[in-house]
Amino acid sequence: MRNITLDNITDAVVSSLGDDISPRNREIMVSALKHIHDFCKETKLSYKEWLEAMEWMRRAGDISDDARNEFILICDIIGVEVLVDMIDQNPTHGETVTTVLGPFYRENPLVLPHGASIVQKDFEDQETVTVRGQIRDTDGNPVAGVTVDVWEDAPNGLYEQQDPAQPDYNLRGRFETDAQGRYEFVAIRPVPYPIPYDGAAGELLNYMGHHPWRPGHIHFLIQKPGYKTLVSQIYDSETEYLDNDSVFAVKEDLIGEMKPSSGGTDLEMEFDFVIRSDAKLRMAAE
Ligand code: BEZ
Ligand code: FE
């Protein structure tokens, strides 16, 4: 098409898509092109605003590396990671709901025995909490031998890889469920913390007039061959920001209660998880 106008540019770009691209590529590109073009038209985006956005994206790229993906953080603060997770996971058989992994997971945490503490360094104002529960399948049977990775921030609001004063792998660990499907570990009551806002994601938060804070939570990554991996977070029912999480990851079913403990820690929290076997997944797909 030679005479590109405001009225025909979307069709011109859509019809330029190659004949031999996959149907899925076509579906994604047609929808993306229509929405992006409509967005520019609807907002009457100025050239200056577009250029500022391109510079902002360049800064997002510049600050990203193997350890930091600014684009995921940007998706988090506009609710896109949680949205895609909900579309993709869609728990329909009573499994525990999922939520985002976040940028602070580390591979190969220390493998710890049932009931062990993940606390390698004490903080003055900390409250210790015993976290325990059972992992069951969607038929209610306990699942033994499940790998349970947990990680959380310290009372100063920092994960250990953000804080040179914390020991390596502090406040993270890998546990395994026992014959009754039970897991147990000792942690610290998690506190709210701001997501990294020193880069392009922080600029966007400012643009949106939003704070960077997340409610206090403990992350869980629950895996066993033959079962769907569960990525989730348990939120402290008494933490701030449950109703205005900067990354929109809170779900009512993921709120746990930390109660005064009769055992060796200040608090205790019981939280059970339900995971779905691949066989059930296959049956549902058939
Ligand atoms: C987190 O929970 O660790 C997290 C999730 C999304 C963005 C930043 C942090
Ligand atoms: Fe977190």
# chains A, B, ... in the order shown; residues from 1 in each chain; ligands from 1
call {"tool": "residues_near_ligand", "arguments": {"ligand": "ligand 1", "cutoff": "7 Å", "atoms": "only C-alpha atoms and all ligand atoms", "output": "list in words"}}
result
Leu73, Asp76, Val100, Leu101, Gly102, Pro103, Phe104, Ile195, Pro196 and Val247 of chain A
call {"tool": "select_by_dssp", "arguments": {"residues": "segment 4-172 of chain A", "states": "strand (DSSP E)", "output": "JSON, numbers by chain"}}
result
{"A": [128, 129, 130, 131, 132, 133, 134, 135, 136, 137, 147, 148, 149, 150, 151, 172]}
call {"tool": "write_last_selection", "arguments": {"atoms": "N, CA, C and O atoms", "output": "mmCIF file, in the first residue's frame"}}
result
data_model
loop_
_atom_site.group_PDB
_atom_site.id
_atom_site.type_symbol
_atom_site.label_atom_id
_atom_site.label_comp_id
_atom_site.auth_asym_id
_atom_site.auth_seq_id
_atom_site.Cartn_x
_atom_site.Cartn_y
_atom_site.Cartn_z
ATOM 1 N N THR A 128 9.689 -14.767 65.508
ATOM 2 C CA THR A 128 9.867 -16.058 64.833
ATOM 3 C C THR A 128 8.508 -16.740 64.664
ATOM 4 O O THR A 128 7.591 -16.550 65.478
ATOM 5 N N VAL A 129 8.392 -17.507 63.606
ATOM 6 C CA VAL A 129 7.121 -18.192 63.330
ATOM 7 C C VAL A 129 7.399 -19.607 62.824
ATOM 8 O O VAL A 129 8.266 -19.803 61.971
ATOM 9 N N THR A 130 6.681 -20.571 63.405
ATOM 10 C CA THR A 130 6.729 -21.937 62.878
ATOM 11 C C THR A 130 5.638 -22.054 61.818
ATOM 12 O O THR A 130 4.478 -21.750 62.089
ATOM 13 N N VAL A 131 6.049 -22.429 60.630
ATOM 14 C CA VAL A 131 5.087 -22.571 59.531
ATOM 15 C C VAL A 131 4.980 -24.062 59.241
ATOM 16 O O VAL A 131 5.999 -24.739 59.045
ATOM 17 N N ARG A 132 3.762 -24.570 59.261
ATOM 18 C CA ARG A 132 3.588 -26.004 58.998
ATOM 19 C C ARG A 132 2.272 -26.240 58.276
ATOM 20 O O ARG A 132 1.379 -25.384 58.278
ATOM 21 N N GLY A 133 2.176 -27.418 57.673
ATOM 22 C CA GLY A 133 0.930 -27.748 57.000
ATOM 23 C C GLY A 133 1.057 -29.063 56.268
ATOM 24 O O GLY A 133 2.080 -29.753 56.374
ATOM 25 N N GLN A 134 -0.013 -29.382 55.536
ATOM 26 C CA GLN A 134 -0.033 -30.645 54.800
ATOM 27 C C GLN A 134 -0.208 -30.351 53.304
ATOM 28 O O GLN A 134 -0.915 -29.403 52.944
ATOM 29 N N ILE A 135 0.408 -31.164 52.494
ATOM 30 C CA ILE A 135 0.201 -31.048 51.048
ATOM 31 C C ILE A 135 -0.612 -32.260 50.598
ATOM 32 O O ILE A 135 -0.246 -33.408 50.876
ATOM 33 N N ARG A 136 -1.754 -32.000 49.976
ATOM 34 C CA ARG A 136 -2.654 -33.077 49.540
ATOM 35 C C ARG A 136 -2.892 -32.973 48.039
ATOM 36 O O ARG A 136 -2.699 -31.912 47.438
ATOM 37 N N ASP A 137 -3.361 -34.086 47.456
ATOM 38 C CA ASP A 137 -3.767 -34.021 46.054
ATOM 39 C C ASP A 137 -5.238 -33.602 45.990
ATOM 40 O O ASP A 137 -5.881 -33.409 47.032
ATOM 41 N N THR A 147 8.869 -31.583 47.189
ATOM 42 C CA THR A 147 9.904 -30.590 47.472
ATOM 43 C C THR A 147 9.243 -29.236 47.700
ATOM 44 O O THR A 147 8.465 -28.770 46.862
ATOM 45 N N VAL A 148 9.556 -28.626 48.832
ATOM 46 C CA VAL A 148 8.937 -27.339 49.190
ATOM 47 C C VAL A 148 10.057 -26.306 49.362
ATOM 48 O O VAL A 148 10.788 -26.336 50.353
ATOM 49 N N ASP A 149 10.208 -25.411 48.394
ATOM 50 C CA ASP A 149 11.178 -24.314 48.514
ATOM 51 C C ASP A 149 10.470 -23.106 49.111
ATOM 52 O O ASP A 149 9.364 -22.762 48.662
ATOM 53 N N VAL A 150 11.105 -22.482 50.109
ATOM 54 C CA VAL A 150 10.497 -21.292 50.721
ATOM 55 C C VAL A 150 11.530 -20.167 50.766
ATOM 56 O O VAL A 150 12.733 -20.443 50.857
ATOM 57 N N TRP A 151 11.070 -18.935 50.652
ATOM 58 C CA TRP A 151 11.978 -17.802 50.773
ATOM 59 C C TRP A 151 11.177 -16.566 51.185
ATOM 60 O O TRP A 151 9.978 -16.471 50.922
ATOM 61 N N ARG A 172 15.957 -18.740 53.331
ATOM 62 C CA ARG A 172 15.439 -19.591 52.265
ATOM 63 C C ARG A 172 15.865 -21.026 52.550
ATOM 64 O O ARG A 172 16.862 -21.278 53.241
#
call {"tool": "closest_atom_pairs", "arguments": {"of": "chain A", "to": "ligand 2", "cutoff": "7 Å", "atoms": "only C-alpha atoms and all ligand atoms", "output": "tab-separated table"}}
result
residue	atom	partner	partner_atom_place_in_ligand_line	distance
A:Gly102	CA	ligand 2	1 (Fe)	6.1
A:Phe104	CA	ligand 2	1 (Fe)	6.7
A:Glu152	CA	ligand 2	1 (Fe)	6.2
A:Asp153	CA	ligand 2	1 (Fe)	6.8
A:His217	CA	ligand 2	1 (Fe)	6.4
A:Ile218	CA	ligand 2	1 (Fe)	6.9
A:His219	CA	ligand 2	1 (Fe)	6.4
call {"tool": "atom_distance", "arguments": {"atom1": "atom CA of Tyr193 of chain A", "atom2": "atom CA of Asp88 of chain A"}}
result
27.2 Å
call {"tool": "atom_distance", "arguments": {"atom1": "atom CA of Pro155 of chain A", "atom2": "atom CA of Glu176 of chain A"}}
result
25.8 Å
call {"tool": "closest_atom_pairs", "arguments": {"of": "segment 194-246 of chain A", "to": "segment 52-56 of chain A", "cutoff": "9 Å", "atoms": "only C-alpha atoms", "output": "CSV"}}
result
residue,atom,partner,partner_atom,distance
A:Ala200,CA,A:Trp56,CA,6.3
A:Glu203,CA,A:Trp56,CA,8.3
A:Leu204,CA,A:Trp56,CA,8.9
call {"tool": "residues_around", "arguments": {"residues": "Met269 of chain A", "least_positions_apart": "2", "cutoff": "12 Å", "atoms": "only C-alpha atoms", "output": "ChimeraX atom specification"}}
result
/A:128-134,183-189,218,234-237,255-263,265-267,271-272
call {"tool": "write_last_selection", "arguments": {"atoms": "C-alpha atoms", "output": "PDB file, in the first residue's frame"}}
result
ATOM      1  CA  THR A 128       9.867 -16.058  64.833  1.00  0.00           C
ATOM      2  CA  VAL A 129       7.121 -18.192  63.330  1.00  0.00           C
ATOM      3  CA  THR A 130       6.729 -21.937  62.878  1.00  0.00           C
ATOM      4  CA  VAL A 131       5.087 -22.571  59.531  1.00  0.00           C
ATOM      5  CA  ARG A 132       3.588 -26.004  58.998  1.00  0.00           C
ATOM      6  CA  GLY A 133       0.930 -27.748  57.000  1.00  0.00           C
ATOM      7  CA  GLN A 134      -0.033 -30.645  54.800  1.00  0.00           C
ATOM      8  CA  TYR A 183       6.097 -29.886  55.912  1.00  0.00           C
ATOM      9  CA  GLU A 184       7.383 -27.665  58.725  1.00  0.00           C
ATOM     10  CA  PHE A 185      10.010 -24.943  59.117  1.00  0.00           C
ATOM     11  CA  VAL A 186      10.898 -21.989  61.322  1.00  0.00           C
ATOM     12  CA  ALA A 187      10.927 -18.539  59.719  1.00  0.00           C
ATOM     13  CA  ILE A 188      10.613 -14.865  60.659  1.00  0.00           C
ATOM     14  CA  ARG A 189       7.340 -12.983  60.368  1.00  0.00           C
ATOM     15  CA  ILE A 218       6.431 -16.062  52.385  1.00  0.00           C
ATOM     16  CA  ILE A 234       1.222 -16.918  51.712  1.00  0.00           C
ATOM     17  CA  TYR A 235       0.309 -13.504  53.109  1.00  0.00           C
ATOM     18  CA  ASP A 236       0.260 -12.593  56.789  1.00  0.00           C
ATOM     19  CA  SER A 237      -3.358 -11.674  57.629  1.00  0.00           C
ATOM     20  CA  ILE A 255      -3.948 -15.278  53.460  1.00  0.00           C
ATOM     21  CA  GLY A 256      -2.707 -17.191  56.490  1.00  0.00           C
ATOM     22  CA  GLU A 257      -3.047 -16.468  60.199  1.00  0.00           C
ATOM     23  CA  MET A 258       0.018 -16.193  62.388  1.00  0.00           C
ATOM     24  CA  LYS A 259      -1.132 -16.969  65.931  1.00  0.00           C
ATOM     25  CA  PRO A 260       0.799 -16.939  69.214  1.00  0.00           C
ATOM     26  CA  SER A 261       2.625 -20.242  69.513  1.00  0.00           C
ATOM     27  CA  SER A 262       2.718 -22.691  72.404  1.00  0.00           C
ATOM     28  CA  GLY A 263       6.034 -24.081  71.090  1.00  0.00           C
ATOM     29  CA  THR A 265       8.720 -19.740  68.405  1.00  0.00           C
ATOM     30  CA  ASP A 266       6.735 -16.534  68.980  1.00  0.00           C
ATOM     31  CA  LEU A 267       4.071 -17.424  66.423  1.00  0.00           C
ATOM     32  CA  PHE A 271      -1.229 -23.616  55.880  1.00  0.00           C
ATOM     33  CA  ASP A 272      -2.211 -26.577  53.698  1.00  0.00           C
TER      34      ASP A 272
END
call {"tool": "closest_residue", "arguments": {"among": "A:Ser16, A:Thr177, A:Gln162, A:Asn156", "to": "Pro190 of chain A", "atoms": "only C-alpha atoms"}}
result
A:Asn156
call {"tool": "residues_around", "arguments": {"residues": "segment 221-230 of chain A", "least_positions_apart": "4", "cutoff": "10 Å", "atoms": "only C-alpha atoms", "output": "MDAnalysis selection string"}}
result
chainID A and resid 89 95:99 101 105 135 137 143:151 174:176 273:281
call {"tool": "atom_distance", "arguments": {"atom1": "atom CA of Glu81 of chain A", "atom2": "atom CA of Arg68 of chain A"}}
result
15.5 Å
call {"tool": "closest_residue", "arguments": {"among": "A:Thr10, A:Asp85, A:Ser246, A:Glu107", "to": "Met208 of chain A", "atoms": "only C-alpha atoms"}}
result
A:Ser246
call {"tool": "select_by_dssp", "arguments": {"residues": "segment 56-149 of chain A", "states": "helix (DSSP H, G or I)", "output": "PyMOL selection string"}}
result
chain A and resi 56-63+70-77+80-89
call {"tool": "closest_residue", "arguments": {"among": "A:Gly140, A:Gly18, A:Leu205, A:Arg106", "to": "Tyr169 of chain A", "atoms": "only C-alpha atoms"}}
result
A:Arg106
call {"tool": "residues_around", "arguments": {"residues": "Arg214 of chain A", "least_positions_apart": "2", "cutoff": "9 Å", "atoms": "only C-alpha atoms", "output": "list in words"}}
result
Val191, Pro192, Tyr193, Pro194, Ile195, Pro212, Gly216, His217, Glu240, Tyr241, Leu242, Asn244, Asp245, Ser246, Val247, Phe248 and Ala249 of chain A
call {"tool": "residues_around", "arguments": {"residues": "Ala32 of chain A", "least_positions_apart": "5", "cutoff": "12 Å", "atoms": "only C-alpha atoms", "output": "list in words"}}
result
Thr10, Val13, Val14, Asn25, Arg26, Glu27, His37, Asp38 and Phe39 of chain A
